[in-house]
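K.L.:
What follows is the file structure.cif, containing mmCIF, C-alpha atoms and all ligand atoms:
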```
data_input
#
loop_
_atom_site.group_PDB
_atom_site.id
_atom_site.type_symbol
_atom_site.label_atom_id
_atom_site.label_comp_id
_atom_site.auth_asym_id
_atom_site.auth_seq_id
_atom_site.Cartn_x
_atom_site.Cartn_y
_atom_site.Cartn_z
ATOM 1 C CA MET A 1 89.117 -41.872 -58.089
ATOM 2 C CA MET A 2 89.586 -38.570 -56.283
ATOM 3 C CA ARG A 3 86.735 -37.176 -58.254
ATOM 4 C CA LEU A 4 84.468 -40.036 -57.303
ATOM 5 C CA ALA A 5 85.359 -39.531 -53.624
ATOM 6 C CA GLY A 6 84.452 -35.881 -53.993
ATOM 7 C CA ILE A 7 81.072 -36.751 -55.432
ATOM 8 C CA VAL A 8 80.392 -39.250 -52.658
ATOM 9 C CA VAL A 9 81.287 -36.661 -50.022
ATOM 10 C CA THR A 10 78.974 -34.148 -51.704
ATOM 11 C CA ILE A 11 76.118 -36.636 -51.748
ATOM 12 C CA PHE A 12 76.592 -37.401 -48.060
ATOM 13 C CA ALA A 13 76.719 -33.729 -47.194
ATOM 14 C CA PHE A 14 73.458 -33.136 -49.039
ATOM 15 C CA ALA A 15 71.803 -36.153 -47.465
ATOM 16 C CA SER A 16 72.687 -34.991 -43.971
ATOM 17 C CA ILE A 17 71.376 -31.491 -44.610
ATOM 18 C CA LEU A 18 68.125 -32.931 -45.930
ATOM 19 C CA SER A 19 67.658 -35.355 -43.059
ATOM 20 C CA CYS A 20 68.426 -32.565 -40.590
ATOM 21 C CA GLN A 21 65.707 -30.408 -42.082
ATOM 22 C CA SER A 22 63.238 -33.236 -42.108
ATOM 23 C CA ASP A 23 63.884 -34.022 -38.410
ATOM 24 C CA GLU A 24 62.887 -30.441 -37.642
ATOM 25 C CA GLU A 25 59.938 -30.780 -40.010
ATOM 26 C CA ILE A 26 58.786 -34.024 -38.388
ATOM 27 C CA LYS A 27 58.971 -32.349 -34.989
ATOM 28 C CA ARG A 28 56.992 -29.356 -36.239
ATOM 29 C CA GLN A 29 54.288 -31.643 -37.615
ATOM 30 C CA ARG A 30 54.150 -33.568 -34.334
ATOM 31 C CA TYR A 31 53.797 -30.349 -32.319
ATOM 32 C CA ILE A 32 51.021 -29.186 -34.636
ATOM 33 C CA THR A 33 49.141 -32.491 -34.368
ATOM 34 C CA GLU A 34 49.261 -32.316 -30.566
ATOM 35 C CA GLY A 35 48.498 -28.592 -30.633
ATOM 36 C CA ILE A 36 45.290 -29.152 -32.606
ATOM 37 C CA LEU A 37 44.032 -31.589 -29.964
ATOM 38 C CA ILE A 38 44.905 -29.298 -27.065
ATOM 39 C CA TYR A 39 43.259 -26.387 -28.855
ATOM 40 C CA LYS A 40 40.064 -28.327 -29.573
ATOM 41 C CA ASN A 41 39.771 -29.520 -25.986
ATOM 42 C CA ASN A 42 40.666 -26.292 -24.190
ATOM 43 C CA CYS A 43 40.298 -23.249 -26.389
ATOM 44 C CA ALA A 44 37.811 -23.831 -29.187
ATOM 45 C CA ASN A 45 34.725 -23.457 -27.017
ATOM 46 C CA CYS A 46 35.556 -19.763 -26.650
ATOM 47 C CA HIS A 47 37.786 -18.883 -29.616
ATOM 48 C CA GLN A 48 35.963 -21.304 -31.976
ATOM 49 C CA THR A 49 37.350 -24.070 -34.153
ATOM 50 C CA LYS A 50 38.767 -21.829 -36.847
ATOM 51 C CA GLY A 51 40.091 -19.312 -34.336
ATOM 52 C CA GLU A 52 37.605 -16.732 -35.496
ATOM 53 C CA GLY A 53 36.480 -15.743 -31.985
ATOM 54 C CA LEU A 54 32.925 -15.104 -30.891
ATOM 55 C CA ALA A 55 31.243 -11.760 -31.353
ATOM 56 C CA ALA A 56 32.309 -9.144 -28.802
ATOM 57 C CA LEU A 57 32.936 -11.819 -26.177
ATOM 58 C CA TYR A 58 35.994 -13.761 -27.320
ATOM 59 C CA PRO A 59 38.660 -12.243 -29.546
ATOM 60 C CA PRO A 60 39.838 -13.997 -32.716
ATOM 61 C CA ILE A 61 43.200 -15.752 -32.758
ATOM 62 C CA ALA A 62 43.238 -16.218 -36.532
ATOM 63 C CA GLY A 63 44.871 -13.121 -37.977
ATOM 64 C CA SER A 64 45.056 -11.467 -34.557
ATOM 65 C CA ASP A 65 47.504 -8.571 -34.304
ATOM 66 C CA TYR A 66 48.042 -9.600 -30.691
ATOM 67 C CA LEU A 67 50.121 -12.531 -31.993
ATOM 68 C CA ALA A 68 52.943 -10.056 -32.647
ATOM 69 C CA ASP A 69 53.579 -10.215 -28.887
ATOM 70 C CA LYS A 70 54.587 -13.856 -28.640
ATOM 71 C CA LYS A 71 55.738 -13.611 -25.017
ATOM 72 C CA SER A 72 52.352 -12.365 -23.863
ATOM 73 C CA VAL A 73 50.598 -15.102 -25.829
ATOM 74 C CA ILE A 74 52.754 -17.779 -24.183
ATOM 75 C CA CYS A 75 52.131 -16.319 -20.732
ATOM 76 C CA LEU A 76 48.378 -15.860 -21.092
ATOM 77 C CA ILE A 77 47.920 -19.463 -22.165
ATOM 78 C CA ARG A 78 49.169 -20.722 -18.806
ATOM 79 C CA TYR A 79 48.255 -17.842 -16.502
ATOM 80 C CA GLY A 80 45.090 -16.498 -18.132
ATOM 81 C CA GLN A 81 44.294 -12.916 -19.019
ATOM 82 C CA GLN A 82 42.160 -10.298 -17.371
ATOM 83 C CA GLY A 83 41.406 -6.641 -17.984
ATOM 84 C CA PRO A 84 40.744 -4.703 -21.188
ATOM 85 C CA ILE A 85 42.706 -5.663 -24.311
ATOM 86 C CA VAL A 86 42.468 -4.580 -27.942
ATOM 87 C CA VAL A 87 42.623 -7.136 -30.762
ATOM 88 C CA ASN A 88 42.533 -5.922 -34.361
ATOM 89 C CA GLY A 89 41.190 -2.573 -33.196
ATOM 90 C CA LYS A 90 38.333 -4.056 -31.155
ATOM 91 C CA LYS A 91 38.115 -3.907 -27.378
ATOM 92 C CA TYR A 92 37.540 -6.994 -25.252
ATOM 93 C CA ASN A 93 37.257 -7.251 -21.520
ATOM 94 C CA ARG A 94 36.483 -10.669 -20.133
ATOM 95 C CA LEU A 95 38.260 -13.246 -18.108
ATOM 96 C CA MET A 96 40.304 -15.839 -19.900
ATOM 97 C CA PRO A 97 40.899 -18.683 -17.428
ATOM 98 C CA ALA A 98 44.402 -19.867 -16.560
ATOM 99 C CA GLN A 99 45.493 -23.368 -17.570
ATOM 100 C CA PRO A 100 48.080 -24.180 -14.890
ATOM 101 C CA GLN A 101 47.927 -27.884 -15.702
ATOM 102 C CA PHE A 102 49.622 -27.413 -19.099
ATOM 103 C CA SER A 103 53.216 -28.596 -19.225
ATOM 104 C CA ASP A 104 55.826 -26.435 -20.970
ATOM 105 C CA LEU A 105 55.715 -28.908 -23.851
ATOM 106 C CA GLU A 106 51.939 -28.580 -24.173
ATOM 107 C CA VAL A 107 52.218 -24.781 -24.247
ATOM 108 C CA ALA A 108 54.909 -25.090 -26.952
ATOM 109 C CA GLU A 109 52.734 -27.435 -29.015
ATOM 110 C CA LEU A 110 49.777 -25.104 -28.729
ATOM 111 C CA VAL A 111 51.794 -22.011 -29.606
ATOM 112 C CA THR A 112 53.389 -23.794 -32.576
ATOM 113 C CA TYR A 113 49.934 -24.737 -33.828
ATOM 114 C CA ILE A 114 48.532 -21.228 -33.379
ATOM 115 C CA TYR A 115 51.425 -19.459 -35.134
ATOM 116 C CA ASN A 116 51.605 -21.987 -37.964
ATOM 117 C CA GLU A 117 47.857 -22.050 -38.535
ATOM 118 C CA TRP A 118 46.944 -18.417 -37.909
ATOM 119 C CA GLY A 119 50.079 -16.352 -37.455
ATOM 120 C CA GLY A 120 51.566 -16.753 -40.926
ATOM 121 C CA GLN A 121 54.647 -18.617 -39.656
ATOM 122 C CA LYS A 122 55.937 -21.965 -40.757
ATOM 123 C CA LYS A 123 58.241 -22.844 -37.940
ATOM 124 C CA LEU A 124 58.592 -24.848 -34.779
ATOM 125 C CA ILE A 125 58.348 -22.979 -31.484
ATOM 126 C CA GLY A 126 60.121 -25.523 -29.332
ATOM 127 C CA VAL A 127 59.934 -26.179 -25.643
ATOM 128 C CA LYS A 128 63.501 -24.795 -25.319
ATOM 129 C CA GLU A 129 62.203 -21.413 -26.461
ATOM 130 C CA VAL A 130 59.032 -21.526 -24.376
ATOM 131 C CA THR A 131 60.393 -22.640 -20.975
ATOM 132 C CA PRO A 132 62.487 -19.496 -20.253
ATOM 133 C CA ILE A 133 59.572 -17.274 -21.308
ATOM 134 C CA LEU A 134 57.180 -19.109 -18.988
ATOM 135 C CA ALA A 135 59.660 -18.698 -16.145
ATOM 136 C CA GLN A 136 59.478 -14.909 -16.578
ATOM 137 C CA CYS A 137 55.698 -14.447 -16.779
ATOM 138 C CA LYS A 138 54.130 -12.134 -14.223
ATOM 139 C CA LYS A 139 51.857 -14.419 -12.291
HETATM 140 C C1 LIG A 201 36.418 -19.148 -21.272
HETATM 141 C C2 LIG A 201 36.763 -18.653 -22.582
HETATM 142 C C3 LIG A 201 38.211 -18.789 -23.045
HETATM 143 C C4 LIG A 201 38.966 -19.936 -23.158
HETATM 144 C C5 LIG A 201 38.576 -21.364 -22.795
HETATM 145 C C6 LIG A 201 40.227 -19.524 -23.732
HETATM 146 N N1 LIG A 201 40.234 -18.183 -23.948
HETATM 147 FE FE1 LIG A 201 41.720 -17.117 -24.856
HETATM 148 N N2 LIG A 201 40.761 -15.397 -24.420
HETATM 149 C C7 LIG A 201 39.496 -15.316 -23.853
HETATM 150 C C8 LIG A 201 39.184 -13.931 -23.606
HETATM 151 C C9 LIG A 201 37.903 -13.401 -23.002
HETATM 152 C C10 LIG A 201 40.297 -13.181 -24.029
HETATM 153 C C11 LIG A 201 40.468 -11.660 -23.890
HETATM 154 C C12 LIG A 201 40.863 -11.397 -22.447
HETATM 155 C C13 LIG A 201 40.659 -9.966 -22.005
HETATM 156 O O1 LIG A 201 39.619 -9.397 -22.328
HETATM 157 O O2 LIG A 201 41.529 -9.443 -21.296
HETATM 158 C C14 LIG A 201 41.255 -14.139 -24.561
HETATM 159 C C15 LIG A 201 42.478 -13.803 -25.155
HETATM 160 C C16 LIG A 201 43.299 -14.687 -25.812
HETATM 161 C C17 LIG A 201 44.438 -14.332 -26.632
HETATM 162 C C18 LIG A 201 44.978 -12.942 -26.912
HETATM 163 C C19 LIG A 201 44.089 -12.146 -27.803
HETATM 164 C C20 LIG A 201 43.900 -12.738 -29.176
HETATM 165 O O3 LIG A 201 42.744 -13.124 -29.457
HETATM 166 O O4 LIG A 201 44.861 -12.884 -29.951
HETATM 167 C C21 LIG A 201 44.966 -15.503 -27.097
HETATM 168 C C22 LIG A 201 46.162 -15.661 -28.016
HETATM 169 C C23 LIG A 201 44.195 -16.574 -26.537
HETATM 170 N N3 LIG A 201 43.180 -16.040 -25.765
HETATM 171 C C24 LIG A 201 44.454 -17.901 -26.736
HETATM 172 C C25 LIG A 201 43.791 -18.925 -26.069
HETATM 173 C C26 LIG A 201 44.195 -20.312 -26.111
HETATM 174 C C27 LIG A 201 45.381 -20.846 -26.889
HETATM 175 C C28 LIG A 201 43.317 -21.003 -25.328
HETATM 176 C C29 LIG A 201 43.327 -22.461 -24.985
HETATM 177 C C30 LIG A 201 44.378 -22.882 -24.071
HETATM 178 C C31 LIG A 201 42.342 -20.057 -24.826
HETATM 179 N N4 LIG A 201 42.670 -18.814 -25.283
HETATM 180 C C32 LIG A 201 41.267 -20.394 -24.042
HETATM 181 C C33 LIG A 201 38.669 -16.365 -23.572
HETATM 182 C C34 LIG A 201 39.033 -17.696 -23.534
#
```
Would you give me this structure, written as structure tokens?
P.N.:
Amino acid sequence: MMRLAGIVVTIFAFASILSCQSDEEIKRQRYITEGILIYKNNCANCHQTKGEGLAALYPPIAGSDYLADKKSVICLIRYGQQGPIVVNGKKYNRLMPAQPQFSDLEVAELVTYIYNEWGGQKKLIGVKEVTPILAQCKK
């Protein structure tokens, strides 16, 4: 009897770990789905659908070494970017427009999509992580 109880407890413990992971996974998938739409509507005309960028005008996002600086990426999405920058050893110097209408959640969805699709990460970047970063951006 004791043994059976032990097995039942073990099964429940496993089940709760699994469901916990899948909640996070469901959320990640939802963020990515939204992120794709936001990207297509607001970013792809410059950075292109596959994030490959456009000639010397618009830098690539796919495989960009700039992604190492996640705080700057989060900030430039809402506040834009101006002045010379270097991406994968190539210089760019054009205006990227600000997107002040994006909510913190929309920025988080977009950033989750970008890092999962092109930054070699398989993880959620939640709104709880993004909000304090946005609050510290130099405007
Ligand atoms: C009007 C064209 C344009 C649009 C639209 C645009 N960008 Fe950009 N983006 C640029 C330019 C130009 C730069 C480089 C800015 C510079 O030269 O200082 C840049 C830089 C970046 C960078 C940093 C460098 C790199 O390539 O890794 C990221 C990340 C980025 N943009 C993401 C986005 C996202 C996400 C969106 C959609 C919300 C977006 N951009 C919309 C033109 C654009």
K.L.:
List as number ranges by chain the protein and nucleic acid residues lying within 7 Å of ligand LIG 201 (chain A), with all atoms listed in the file counted.
P.N.:
A: 39, 42-47, 57-61, 64-67, 73, 76-77, 81-85, 87, 92-97, 99, 110
K.L.:
Record the distance separating CA of Tyr113 (chain A) and CA of Gly80 (chain A), expressed in Å with one decimal.
P.N.:
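So the two atoms, CA of Tyr113 (chain A) and CA of Gly80 (chain A), lie 18.4 Å apart.
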K.L.:
For Ala98 (chain A), which of A:Trp118, A:Gln48, A:Val130, A:Lys139 is the closest residue, counting all atoms listed in the file?
P.N.:
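Checking each of A:Trp118, A:Gln48, A:Val130, A:Lys139 against Ala98 (chain A), counting all atoms listed in the file, the winner is A:Lys139.
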K.L.:
When you draw a straight line from CA of Thr131 (chain A) to CA of Gln29 (chain A), how long is it in Å?
P.N.:
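Here the two named atoms are 19.9 Å from each other.
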K.L.:
Which residues, written as number ranges by chain, have at least one atom at most 8 Å from Ala62 (chain A), with all atoms listed in the file counted and residues fewer than 3 positions away on the same chain left out?
P.N.:
A: 50-52, 114, 117-119
K.L.:
So that all listed atoms of region 126-129 of chain A fit with 8 Å spare on each side, what axis-aligned box centre and edge lengths in Å, to one decimal, would you give as AutoDock Vina command-line options?
P.N.:
```
--center_x 61.7 --center_y -23.8 --center_z -27.3 --size_x 19.6 --size_y 20.8 --size_z 20.0
```
